[in-house]
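S.K.: File entry_10.cif below, mmCIF, C-alpha atoms (C1' of nucleotides):
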data_run
#
loop_
_atom_site.label_atom_id
_atom_site.label_comp_id
_atom_site.auth_asym_id
_atom_site.auth_seq_id
_atom_site.Cartn_x
_atom_site.Cartn_y
_atom_site.Cartn_z
CA MET A 1 -15.30 17.09 -30.38
CA SER A 2 -15.98 16.49 -26.70
CA GLY A 3 -18.22 14.11 -24.81
CA TYR A 4 -16.77 10.71 -24.07
CA ALA A 5 -18.41 7.69 -22.51
CA PRO A 6 -16.65 6.31 -19.44
CA SER A 7 -15.14 3.40 -21.32
CA GLU A 8 -13.79 5.78 -23.96
CA ALA A 9 -12.32 8.08 -21.33
CA ALA A 10 -10.70 5.06 -19.70
CA ARG A 11 -9.26 3.93 -23.00
CA ARG A 12 -7.88 7.35 -23.85
CA SER A 13 -6.47 8.12 -20.43
CA GLY A 14 -5.19 4.70 -19.54
CA PHE A 15 -6.97 4.79 -16.18
CA SER A 16 -9.48 2.12 -15.27
CA LEU A 17 -13.17 2.90 -14.93
CA ASP A 18 -12.90 2.34 -11.23
CA THR A 19 -10.00 4.73 -11.01
CA LEU A 20 -11.89 7.41 -12.91
CA ARG A 21 -14.81 7.10 -10.51
CA TYR A 22 -12.40 7.06 -7.59
CA TYR A 23 -10.66 10.23 -8.78
CA GLU A 24 -13.97 11.98 -9.01
CA LYS A 25 -15.14 10.68 -5.64
CA ILE A 26 -12.09 12.02 -3.82
CA GLY A 27 -12.31 15.39 -5.55
CA LEU A 28 -9.33 15.04 -7.82
CA LEU A 29 -11.41 15.27 -10.93
CA ALA A 30 -14.15 17.90 -10.64
CA GLU A 31 -17.74 16.66 -10.87
CA VAL A 32 -18.09 15.05 -14.25
CA GLU A 33 -21.10 15.93 -16.40
CA ARG A 34 -23.95 13.44 -16.64
CA THR A 35 -26.62 12.40 -19.06
CA ALA A 36 -30.25 12.80 -17.98
CA GLY A 37 -30.05 9.23 -16.74
CA GLY A 38 -27.00 9.89 -14.59
CA GLN A 39 -24.25 8.36 -16.72
CA ARG A 40 -20.96 10.21 -16.94
CA VAL A 41 -19.88 12.18 -19.98
CA PHE A 42 -16.22 13.17 -19.96
CA THR A 43 -15.14 16.37 -21.74
CA ASP A 44 -11.87 17.18 -23.47
CA ASP A 45 -11.07 19.27 -20.44
CA ASP A 46 -11.50 16.24 -18.18
CA LEU A 47 -9.22 14.31 -20.49
CA GLY A 48 -6.65 17.10 -20.22
CA TRP A 49 -6.73 16.81 -16.45
CA LEU A 50 -6.28 13.07 -16.67
CA VAL A 51 -3.18 13.55 -18.80
CA LEU A 52 -1.81 15.85 -16.13
CA PHE A 53 -2.67 13.42 -13.36
CA ARG A 54 -0.86 10.69 -15.20
CA CYS A 55 2.21 12.88 -15.49
CA LEU A 56 2.15 13.75 -11.81
CA ARG A 57 1.38 10.24 -10.71
CA ASP A 58 4.12 8.73 -12.88
CA THR A 59 6.56 11.13 -11.30
CA GLY A 60 5.50 10.06 -7.83
CA MET A 61 3.29 12.88 -6.63
CA PRO A 62 0.94 11.68 -3.88
CA ILE A 63 -2.77 11.97 -4.57
CA ALA A 64 -3.29 14.45 -1.74
CA GLN A 65 -0.96 16.87 -3.47
CA MET A 66 -2.57 16.39 -6.87
CA ARG A 67 -5.88 17.12 -5.25
CA ARG A 68 -4.51 20.28 -3.72
CA TYR A 69 -3.29 21.40 -7.13
CA ALA A 70 -6.65 20.65 -8.73
CA GLN A 71 -8.55 22.48 -6.03
CA LEU A 72 -6.31 25.52 -6.38
CA ALA A 73 -6.89 25.54 -10.11
CA ARG A 74 -10.64 25.39 -9.58
CA ALA A 75 -10.41 28.24 -7.09
CA GLY A 76 -9.31 30.60 -9.84
CA GLU A 77 -6.56 32.64 -11.40
CA HIS A 78 -5.36 34.11 -8.14
CA THR A 79 -3.88 30.76 -7.12
CA ALA A 80 -1.53 30.62 -10.10
CA ASP A 81 1.53 31.50 -8.03
CA GLU A 82 0.86 28.78 -5.54
CA ARG A 83 0.26 26.22 -8.27
CA HIS A 84 3.45 27.30 -9.98
CA GLU A 85 5.36 26.89 -6.76
CA LEU A 86 3.81 23.49 -6.13
CA LEU A 87 4.94 22.24 -9.53
CA ARG A 88 8.42 23.69 -9.17
CA HIS A 89 8.78 22.04 -5.82
CA HIS A 90 7.62 18.75 -7.26
CA ALA A 91 10.01 19.05 -10.18
CA ALA A 92 12.89 19.44 -7.75
CA ARG A 93 11.94 16.20 -6.07
CA VAL A 94 11.65 14.49 -9.41
CA GLU A 95 15.17 15.62 -10.23
CA GLU A 96 16.38 14.11 -6.97
CA GLN A 97 14.48 10.94 -7.79
CA MET A 98 16.16 10.77 -11.20
CA ARG A 99 19.59 11.21 -9.67
CA LEU A 100 18.95 8.42 -7.16
CA LEU A 101 17.56 6.15 -9.83
CA GLN A 102 20.58 6.76 -12.06
CA HIS A 103 22.91 6.15 -9.15
CA GLN A 104 21.30 2.86 -8.19
CA TYR A 105 21.08 1.84 -11.81
CA ASP A 106 24.86 2.27 -12.04
CA HIS A 107 25.24 0.01 -9.01
CA LEU A 108 23.00 -2.53 -10.63
CA ARG A 109 25.02 -2.51 -13.84
CA GLU A 110 28.16 -3.03 -11.86
CA LYS A 111 26.59 -6.00 -10.14
CA ILE A 112 25.64 -7.40 -13.51
CA ARG A 113 29.20 -6.90 -14.74
CA PHE A 114 30.29 -9.07 -11.84
CA TYR A 115 28.29 -11.95 -13.26
CA GLU A 116 29.71 -11.30 -16.70
CA ARG A 117 33.24 -11.60 -15.38
CA LEU A 118 32.43 -14.97 -13.82
CA PRO A 119 34.37 -17.61 -15.80
CA GLY A 120 31.80 -20.38 -16.15
CA THR A 121 31.43 -22.19 -12.85
CA ALA A 122 34.42 -21.02 -10.90
CA PRO A 123 34.58 -20.37 -7.19
CA GLY A 124 33.29 -16.81 -6.80
CA SER A 125 33.37 -14.07 -4.22
CA GLU A 126 31.18 -14.22 -1.17
CA ALA A 127 29.67 -10.83 -1.78
CA ASP A 128 27.30 -11.79 -4.52
CA MET B 1 35.81 -5.72 11.62
CA SER B 2 32.43 -7.41 11.66
CA GLY B 3 29.72 -7.81 14.28
CA TYR B 4 27.23 -4.98 14.49
CA ALA B 5 24.46 -4.40 16.99
CA PRO B 6 21.01 -3.95 15.47
CA SER B 7 21.01 -0.21 15.98
CA GLU B 8 24.40 0.04 14.28
CA ALA B 9 23.22 -2.07 11.35
CA ALA B 10 20.17 0.15 11.06
CA ARG B 11 22.31 3.27 11.09
CA ARG B 12 24.69 1.93 8.46
CA SER B 13 22.07 0.51 6.15
CA GLY B 14 19.46 3.19 6.49
CA PHE B 15 16.76 0.62 7.21
CA SER B 16 14.77 0.79 10.43
CA LEU B 17 15.15 -1.85 13.13
CA ASP B 18 11.67 -3.06 12.35
CA THR B 19 12.51 -3.36 8.69
CA LEU B 20 15.65 -5.35 9.45
CA ARG B 21 13.65 -7.78 11.56
CA TYR B 22 10.96 -7.88 8.88
CA TYR B 23 13.50 -8.65 6.16
CA GLU B 24 14.81 -11.52 8.21
CA LYS B 25 11.35 -12.80 9.05
CA ILE B 26 10.28 -13.04 5.43
CA GLY B 27 13.51 -14.73 4.40
CA LEU B 28 15.06 -11.85 2.53
CA LEU B 29 17.97 -11.63 4.87
CA ALA B 30 19.28 -15.05 5.91
CA GLU B 31 19.10 -15.93 9.60
CA VAL B 32 21.18 -13.37 11.40
CA GLU B 33 23.66 -14.53 14.01
CA ARG B 34 22.79 -14.13 17.68
CA THR B 35 24.52 -13.62 21.00
CA ALA B 36 24.08 -16.30 23.68
CA GLY B 37 21.15 -14.24 24.92
CA GLY B 38 19.44 -14.18 21.54
CA GLN B 39 20.24 -10.65 20.37
CA ARG B 40 21.17 -10.15 16.74
CA VAL B 41 24.71 -9.57 15.55
CA PHE B 42 24.96 -8.38 11.96
CA THR B 43 28.04 -9.23 9.91
CA ASP B 44 29.73 -7.31 7.11
CA ASP B 45 28.16 -9.81 4.76
CA ASP B 46 24.69 -8.95 6.09
CA LEU B 47 25.50 -5.30 5.56
CA GLY B 48 26.54 -6.07 2.00
CA TRP B 49 23.18 -7.68 1.37
CA LEU B 50 21.40 -4.69 2.81
CA VAL B 51 23.25 -2.42 0.41
CA LEU B 52 22.07 -4.60 -2.45
CA PHE B 53 18.50 -4.63 -1.16
CA ARG B 54 18.55 -0.87 -1.01
CA CYS B 55 19.72 -0.71 -4.60
CA LEU B 56 17.02 -3.09 -5.77
CA ARG B 57 14.32 -1.49 -3.68
CA ASP B 58 15.21 2.03 -4.83
CA THR B 59 14.94 0.83 -8.40
CA GLY B 60 11.49 -0.59 -7.74
CA MET B 61 12.07 -4.32 -7.45
CA PRO B 62 9.26 -5.99 -5.49
CA ILE B 63 10.26 -7.79 -2.31
CA ALA B 64 9.15 -11.16 -3.66
CA GLN B 65 11.73 -10.87 -6.41
CA MET B 66 14.49 -9.76 -4.09
CA ARG B 67 13.72 -12.75 -1.95
CA ARG B 68 13.94 -15.01 -4.95
CA TYR B 69 17.34 -13.57 -5.78
CA ALA B 70 18.55 -14.02 -2.21
CA GLN B 71 17.32 -17.59 -2.07
CA LEU B 72 19.04 -18.43 -5.34
CA ALA B 73 22.27 -16.99 -4.03
CA ARG B 74 21.99 -19.07 -0.89
CA ALA B 75 21.34 -22.16 -2.97
CA GLY B 76 24.84 -21.98 -4.41
CA GLU B 77 27.04 -21.26 -7.39
CA HIS B 78 24.94 -23.23 -9.82
CA THR B 79 22.23 -20.56 -9.72
CA ALA B 80 24.54 -17.83 -11.00
CA ASP B 81 23.02 -17.85 -14.48
CA GLU B 82 19.53 -17.43 -13.17
CA ARG B 83 20.59 -14.62 -10.85
CA HIS B 84 22.38 -12.93 -13.70
CA GLU B 85 19.29 -13.17 -15.85
CA LEU B 86 17.09 -11.85 -13.05
CA LEU B 87 19.28 -8.77 -12.67
CA ARG B 88 19.49 -8.17 -16.41
CA HIS B 89 15.74 -8.39 -16.68
CA HIS B 90 15.37 -5.98 -13.81
CA ALA B 91 17.86 -3.57 -15.35
CA ALA B 92 15.77 -3.50 -18.52
CA ARG B 93 12.73 -2.49 -16.55
CA VAL B 94 14.71 0.18 -14.75
CA GLU B 95 15.75 1.58 -18.12
CA GLU B 96 12.12 1.74 -19.14
CA GLN B 97 11.30 3.39 -15.85
CA MET B 98 14.00 6.00 -16.46
CA ARG B 99 12.69 6.73 -19.92
CA LEU B 100 9.15 7.21 -18.60
CA LEU B 101 10.37 9.38 -15.76
CA GLN B 102 12.37 11.56 -18.13
CA HIS B 103 9.41 11.83 -20.47
CA GLN B 104 6.99 12.88 -17.76
CA TYR B 105 9.57 15.20 -16.29
CA ASP B 106 9.73 16.95 -19.65
CA HIS B 107 5.96 17.32 -19.58
CA LEU B 108 6.17 18.74 -16.11
CA ARG B 109 8.78 21.30 -17.13
CA GLU B 110 6.61 22.36 -19.99
CA LYS B 111 3.71 22.86 -17.63
CA ILE B 112 5.94 24.96 -15.42
CA ARG B 113 7.00 27.03 -18.40
CA PHE B 114 3.33 27.75 -18.95
CA TYR B 115 3.19 29.45 -15.56
CA GLU B 116 6.35 31.35 -16.32
CA ARG B 117 4.85 32.79 -19.49
CA LEU B 118 1.84 34.03 -17.54
CA PRO B 119 2.02 37.86 -17.51
CA GLY B 120 1.12 38.64 -13.91
CA THR B 121 -2.61 38.19 -13.39
CA ALA B 122 -3.92 38.03 -16.92
CA PRO B 123 -6.74 35.86 -18.19
CA GLY B 124 -5.13 32.51 -18.94
CA SER B 125 -5.96 29.36 -20.84
CA GLU B 126 -8.45 26.88 -19.50
CA ALA B 127 -6.10 23.97 -19.73
CA ASP B 128 -4.07 24.75 -16.65
"C1'" DT C 1 -40.67 -3.67 -27.05
"C1'" DT C 2 -37.13 -6.18 -25.51
"C1'" DC C 3 -32.66 -7.17 -24.68
"C1'" DC C 4 -28.15 -6.74 -22.77
"C1'" DA C 5 -23.88 -4.51 -22.38
"C1'" DA C 6 -22.44 -0.62 -20.25
"C1'" DC C 7 -23.21 2.04 -16.59
"C1'" DC C 8 -24.57 3.48 -11.66
"C1'" DT C 9 -23.87 3.55 -6.15
"C1'" DG C 10 -21.94 2.68 -1.50
"C1'" DG C 11 -19.00 0.24 0.72
"C1'" DA C 12 -15.89 -3.66 1.58
"C1'" DG C 13 -11.48 -5.71 0.43
"C1'" DC C 14 -6.79 -6.05 -1.13
"C1'" DG C 15 -1.63 -6.01 -1.89
"C1'" DC C 16 2.35 -3.92 -0.60
"C1'" DG C 17 5.77 -2.69 2.58
"C1'" DC C 18 6.38 -1.68 6.39
"C1'" DT C 19 5.31 0.16 11.46
"C1'" DC C 20 3.70 -0.19 15.96
"C1'" DC C 21 2.53 -2.45 20.18
"C1'" DA C 22 2.53 -5.18 24.55
"C1'" DG C 23 4.84 -7.64 27.47
"C1'" DG C 24 8.98 -9.57 28.43
"C1'" DT C 25 14.55 -10.33 28.29
"C1'" DC C 26 19.46 -8.93 27.98
"C1'" DA C 27 23.71 -6.70 29.13
"C1'" DA C 28 26.76 -2.81 30.15
"C1'" DG C 29 27.79 0.72 33.54
"C1'" DC C 30 27.56 2.23 38.25
"C1'" DG D 1 23.33 -6.33 42.61
"C1'" DC D 2 20.57 -2.83 40.26
"C1'" DT D 3 19.25 0.07 36.87
"C1'" DT D 4 18.19 1.25 32.32
"C1'" DG D 5 18.23 1.37 27.59
"C1'" DA D 6 18.60 -1.61 23.85
"C1'" DC D 7 16.75 -5.63 22.38
"C1'" DC D 8 13.41 -9.75 21.84
"C1'" DT D 9 8.73 -12.03 19.97
"C1'" DG D 10 4.19 -12.60 17.73
"C1'" DG D 11 0.82 -10.40 15.89
"C1'" DA D 12 -2.16 -6.44 14.90
"C1'" DG D 13 -2.57 -2.15 12.35
"C1'" DC D 14 -1.73 1.30 8.88
"C1'" DG D 15 -1.41 4.31 4.63
"C1'" DC D 16 -1.69 4.27 -0.04
"C1'" DG D 17 -4.01 3.67 -4.24
"C1'" DC D 18 -6.75 1.44 -6.08
"C1'" DT D 19 -10.06 -2.83 -7.17
"C1'" DC D 20 -13.96 -5.55 -6.60
"C1'" DC D 21 -18.64 -6.54 -5.47
"C1'" DA D 22 -23.79 -6.71 -5.15
"C1'" DG D 23 -27.70 -5.14 -6.59
"C1'" DG D 24 -29.91 -2.01 -9.41
"C1'" DT D 25 -30.49 1.46 -13.77
"C1'" DT D 26 -29.76 3.15 -18.52
"C1'" DG D 27 -29.93 3.37 -23.33
"C1'" DG D 28 -28.84 2.04 -28.07
"C1'" DA D 29 -29.50 -1.81 -31.35
"C1'" DA D 30 -32.53 -5.43 -33.25
#
Mind turning the file's structure into structure tokens?

M.R.:
Amino acid sequence: MSGYAPSEAARRSGFSLDTLRYYEKIGLLAEVERTAGGQRVFTDDDLGWLVLFRCLRDTGMPIAQMRRYAQLARAGEHTADERHELLRHHAARVEEQMRLLQHQYDHLREKIRFYERLPGTAPGSEAD
Amino acid sequence: MSGYAPSEAARRSGFSLDTLRYYEKIGLLAEVERTAGGQRVFTDDDLGWLVLFRCLRDTGMPIAQMRRYAQLARAGEHTADERHELLRHHAARVEEQMRLLQHQYDHLREKIRFYERLPGTAPGSEAD
DNA sequence: TTCCAACCTGGAGCGCGCTCCAGGTCAAGC
DNA sequence: GCTTGACCTGGAGCGCGCTCCAGGTTGGAA
């Protein structure tokens, strides 16, 4: 079941080896288990965290905030409310982000339509 | 009608004064007109470009690509096809970006639902 | 046993997109 | 004419999130 070499964890998570080490170094990922010789062994739980980090990162959460979330989770059950609130707050910003993206995408499409109305090589508007 | 002081251009565009100067320096904005004394005077056309840059920037286009677009436009009508293609290509990436954002947003909402199913302070799953 | 690819560490470096600074100039109101 | 706030320039610095490097260690296959 669990116990992945670094390269395997990288492959499964989509993060680079360097990024995995970096995430551990800055305390985003908790201390990863090691072999007797000191090489990392990632667990399914680590992989689960990486999936979450990817979600949060892809939605624009800064690393400092991800770290805060992770540290709260490690602190125990009693931080559940705060973690919940943190995610809800983030979700609200993601919604705003989606609205802005949609809005600017509409602008972009309109701009593109301008080019599609251009009849070959005719004199066009200045505002292109 | 046209002729805006730097601070006014900043206010209208939402870019900082430094950013406006930076955009001109790197050749994103064409050379902005000046008073006899050397102070910038932004035109309505400049403002139009800034609106476009905001659209492209908000949708994640790198500056190098915006500059390419701007330079093509300055080069004349004969670059219209290439500009069109550039925007269409960008729009495709924005669509992909929107899909990913929606997908990860769904994940996030599911995570939040997990906290909402938590009955007070009960022993929860590990995978939080 | 030997090999070599994968792994380790600490720390420097990078690419992006600004942002700030020092030291000086301009121009509008009094 | 003087003041003062907005503006100018070139260039350094920054915050983020990695990414790369040198120099050394590990561990599974042949």

S.K.: Once chain A is superposed on chain B with a least-squares fit on all C-alpha pairs taken in order, can you show it as a compact mmCIF listing (two decimals) with C-alpha atoms, in the frame of the given file?

M.R.:
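out.txt written:
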# COMPACT_ATOMS: atom_id res chain seq x y z
CA MET A 1 35.80 -5.75 11.58
CA SER A 2 32.40 -7.41 11.64
CA GLY A 3 29.71 -7.77 14.27
CA TYR A 4 27.22 -4.94 14.48
CA ALA A 5 24.44 -4.38 16.97
CA PRO A 6 20.99 -3.93 15.46
CA SER A 7 20.99 -0.19 15.96
CA GLU A 8 24.38 0.06 14.26
CA ALA A 9 23.22 -2.06 11.34
CA ALA A 10 20.16 0.16 11.04
CA ARG A 11 22.30 3.28 11.07
CA ARG A 12 24.69 1.95 8.45
CA SER A 13 22.07 0.52 6.14
CA GLY A 14 19.46 3.20 6.47
CA PHE A 15 16.76 0.63 7.21
CA SER A 16 14.78 0.80 10.42
CA LEU A 17 15.14 -1.83 13.12
CA ASP A 18 11.68 -3.04 12.35
CA THR A 19 12.52 -3.34 8.70
CA LEU A 20 15.66 -5.34 9.45
CA ARG A 21 13.65 -7.76 11.56
CA TYR A 22 10.97 -7.86 8.89
CA TYR A 23 13.50 -8.66 6.16
CA GLU A 24 14.83 -11.51 8.20
CA LYS A 25 11.36 -12.79 9.08
CA ILE A 26 10.29 -13.02 5.44
CA GLY A 27 13.52 -14.72 4.41
CA LEU A 28 15.07 -11.85 2.53
CA LEU A 29 17.99 -11.62 4.87
CA ALA A 30 19.29 -15.06 5.90
CA GLU A 31 19.09 -15.93 9.60
CA VAL A 32 21.17 -13.36 11.40
CA GLU A 33 23.67 -14.53 14.02
CA ARG A 34 22.78 -14.12 17.68
CA THR A 35 24.49 -13.62 20.98
CA ALA A 36 24.03 -16.30 23.65
CA GLY A 37 21.11 -14.24 24.90
CA GLY A 38 19.41 -14.14 21.52
CA GLN A 39 20.25 -10.62 20.37
CA ARG A 40 21.16 -10.13 16.73
CA VAL A 41 24.70 -9.54 15.54
CA PHE A 42 24.95 -8.35 11.95
CA THR A 43 28.04 -9.23 9.90
CA ASP A 44 29.71 -7.30 7.10
CA ASP A 45 28.15 -9.81 4.77
CA ASP A 46 24.69 -8.94 6.08
CA LEU A 47 25.51 -5.29 5.55
CA GLY A 48 26.54 -6.07 1.98
CA TRP A 49 23.18 -7.69 1.36
CA LEU A 50 21.41 -4.69 2.80
CA VAL A 51 23.26 -2.41 0.40
CA LEU A 52 22.07 -4.61 -2.45
CA PHE A 53 18.51 -4.63 -1.17
CA ARG A 54 18.55 -0.87 -1.01
CA CYS A 55 19.72 -0.71 -4.60
CA LEU A 56 17.03 -3.10 -5.77
CA ARG A 57 14.33 -1.51 -3.69
CA ASP A 58 15.22 2.01 -4.83
CA THR A 59 14.94 0.81 -8.40
CA GLY A 60 11.50 -0.61 -7.74
CA MET A 61 12.08 -4.33 -7.46
CA PRO A 62 9.27 -6.00 -5.49
CA ILE A 63 10.27 -7.80 -2.31
CA ALA A 64 9.17 -11.17 -3.67
CA GLN A 65 11.73 -10.87 -6.42
CA MET A 66 14.50 -9.76 -4.08
CA ARG A 67 13.72 -12.76 -1.96
CA ARG A 68 13.95 -15.03 -4.96
CA TYR A 69 17.36 -13.58 -5.79
CA ALA A 70 18.56 -14.03 -2.22
CA GLN A 71 17.33 -17.60 -2.06
CA LEU A 72 19.05 -18.44 -5.34
CA ALA A 73 22.28 -16.99 -4.03
CA ARG A 74 22.01 -19.08 -0.88
CA ALA A 75 21.34 -22.17 -2.98
CA GLY A 76 24.83 -21.98 -4.43
CA GLU A 77 27.03 -21.27 -7.41
CA HIS A 78 24.92 -23.24 -9.84
CA THR A 79 22.22 -20.56 -9.73
CA ALA A 80 24.53 -17.84 -11.02
CA ASP A 81 23.01 -17.86 -14.50
CA GLU A 82 19.52 -17.44 -13.18
CA ARG A 83 20.57 -14.64 -10.85
CA HIS A 84 22.37 -12.95 -13.71
CA GLU A 85 19.28 -13.19 -15.85
CA LEU A 86 17.09 -11.86 -13.05
CA LEU A 87 19.27 -8.78 -12.68
CA ARG A 88 19.48 -8.18 -16.41
CA HIS A 89 15.74 -8.40 -16.67
CA HIS A 90 15.35 -5.98 -13.80
CA ALA A 91 17.84 -3.57 -15.34
CA ALA A 92 15.76 -3.51 -18.52
CA ARG A 93 12.72 -2.48 -16.53
CA VAL A 94 14.71 0.17 -14.74
CA GLU A 95 15.75 1.57 -18.10
CA GLU A 96 12.11 1.73 -19.13
CA GLN A 97 11.30 3.40 -15.83
CA MET A 98 14.01 6.00 -16.43
CA ARG A 99 12.70 6.74 -19.90
CA LEU A 100 9.16 7.21 -18.58
CA LEU A 101 10.36 9.37 -15.73
CA GLN A 102 12.37 11.56 -18.11
CA HIS A 103 9.41 11.82 -20.44
CA GLN A 104 7.01 12.88 -17.72
CA TYR A 105 9.59 15.20 -16.25
CA ASP A 106 9.75 16.97 -19.63
CA HIS A 107 5.97 17.34 -19.54
CA LEU A 108 6.19 18.76 -16.07
CA ARG A 109 8.80 21.31 -17.10
CA GLU A 110 6.63 22.37 -19.96
CA LYS A 111 3.74 22.86 -17.59
CA ILE A 112 5.96 24.96 -15.38
CA ARG A 113 7.02 27.03 -18.38
CA PHE A 114 3.35 27.77 -18.92
CA TYR A 115 3.21 29.46 -15.53
CA GLU A 116 6.39 31.35 -16.30
CA ARG A 117 4.86 32.77 -19.45
CA LEU A 118 1.85 34.02 -17.50
CA PRO A 119 2.04 37.84 -17.47
CA GLY A 120 1.09 38.65 -13.89
CA THR A 121 -2.64 38.19 -13.44
CA ALA A 122 -3.90 37.98 -16.97
CA PRO A 123 -6.75 35.85 -18.22
CA GLY A 124 -5.15 32.46 -18.90
CA SER A 125 -5.95 29.33 -20.83
CA GLU A 126 -8.48 26.86 -19.56
CA ALA A 127 -6.10 23.95 -19.75
CA ASP A 128 -4.10 24.70 -16.68

S.K.: Taking all atoms listed in the file into account, report as a PyMOL selection string which residues of chain D lie within 9 Å of chain A.

M.R.: chain D and resi 16-19+25-27

S.K.: Quick one: distance from atom CA of Arg12 of chain A to atom CA of Glu116 of chain B in Å, one decimal?

M.R.: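 For atom CA of Arg12 of chain A relative to atom CA of Glu116 of chain B, the distance reads 28.9 Å.
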
S.K.: For the PyMOL selection byres ((chain C and resi 1) around 12), applied here, can you spell out every residue it catches as JSON, numbers by chain?

M.R.: {"C": [2, 3], "D": [30]}

S.K.: I need every residue sitting at most 12 Å from the point (6.6, 31.0, -14.7) (coordinates as in the file, all atoms listed in the file considered), written as a VMD selection string.

M.R.: (chain A and resid 80 to 88) or (chain B and resid 109 to 121)

S.K.: Could you tell me, as a PyMOL selection string, exactly which residues end up selected when the PyMOL selection byres ((chain C) within 9 of (chain A)) is applied to this structure?

M.R.: chain C and resi 6-8

S.K.: Could you work out how far atom CA of Arg21 of chain A lies from atom C1' of DG13 of chain D, giving the answer in Å with one decimal?

M.R.: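 Taking atom C1' of DG13 of chain D and atom CA of Arg21 of chain A, their separation equals 27.5 Å.
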
S.K.: Please, can segment 90-104 of chain A be completed to N, CA and C atoms and returned as a short mmCIF file (atom, residue, chain, number, x, y, z; two decimals), keeping the file's coordinate frame?

M.R.:
data_model
loop_
_atom_site.label_atom_id
_atom_site.label_comp_id
_atom_site.auth_asym_id
_atom_site.auth_seq_id
_atom_site.Cartn_x
_atom_site.Cartn_y
_atom_site.Cartn_z
N HIS A 90 7.71 20.15 -6.84
CA HIS A 90 7.62 18.75 -7.26
C HIS A 90 8.73 18.40 -8.24
N ALA A 91 8.97 19.30 -9.18
CA ALA A 91 10.01 19.05 -10.18
C ALA A 91 11.36 18.83 -9.52
N ALA A 92 11.61 19.59 -8.46
CA ALA A 92 12.89 19.44 -7.75
C ALA A 92 13.00 18.04 -7.16
N ARG A 93 11.90 17.55 -6.63
CA ARG A 93 11.94 16.20 -6.07
C ARG A 93 12.08 15.15 -7.15
N VAL A 94 11.50 15.43 -8.30
CA VAL A 94 11.65 14.49 -9.41
C VAL A 94 13.12 14.43 -9.85
N GLU A 95 13.76 15.60 -9.86
CA GLU A 95 15.17 15.62 -10.23
C GLU A 95 16.00 14.77 -9.26
N GLU A 96 15.69 14.90 -7.98
CA GLU A 96 16.38 14.11 -6.97
C GLU A 96 16.12 12.62 -7.20
N GLN A 97 14.89 12.32 -7.50
CA GLN A 97 14.48 10.94 -7.79
C GLN A 97 15.26 10.38 -8.98
N MET A 98 15.44 11.21 -10.00
CA MET A 98 16.16 10.77 -11.20
C MET A 98 17.63 10.52 -10.88
N ARG A 99 18.18 11.40 -10.05
CA ARG A 99 19.59 11.21 -9.67
C ARG A 99 19.76 9.90 -8.90
N LEU A 100 18.87 9.66 -7.95
CA LEU A 100 18.95 8.42 -7.16
C LEU A 100 18.79 7.21 -8.05
N LEU A 101 17.82 7.28 -8.94
CA LEU A 101 17.56 6.15 -9.83
C LEU A 101 18.79 5.87 -10.70
N GLN A 102 19.38 6.92 -11.23
CA GLN A 102 20.58 6.76 -12.06
C GLN A 102 21.71 6.13 -11.25
N HIS A 103 21.86 6.63 -10.03
CA HIS A 103 22.91 6.15 -9.15
C HIS A 103 22.74 4.65 -8.87
N GLN A 104 21.54 4.26 -8.51
CA GLN A 104 21.30 2.86 -8.19
C GLN A 104 21.34 1.99 -9.44
#
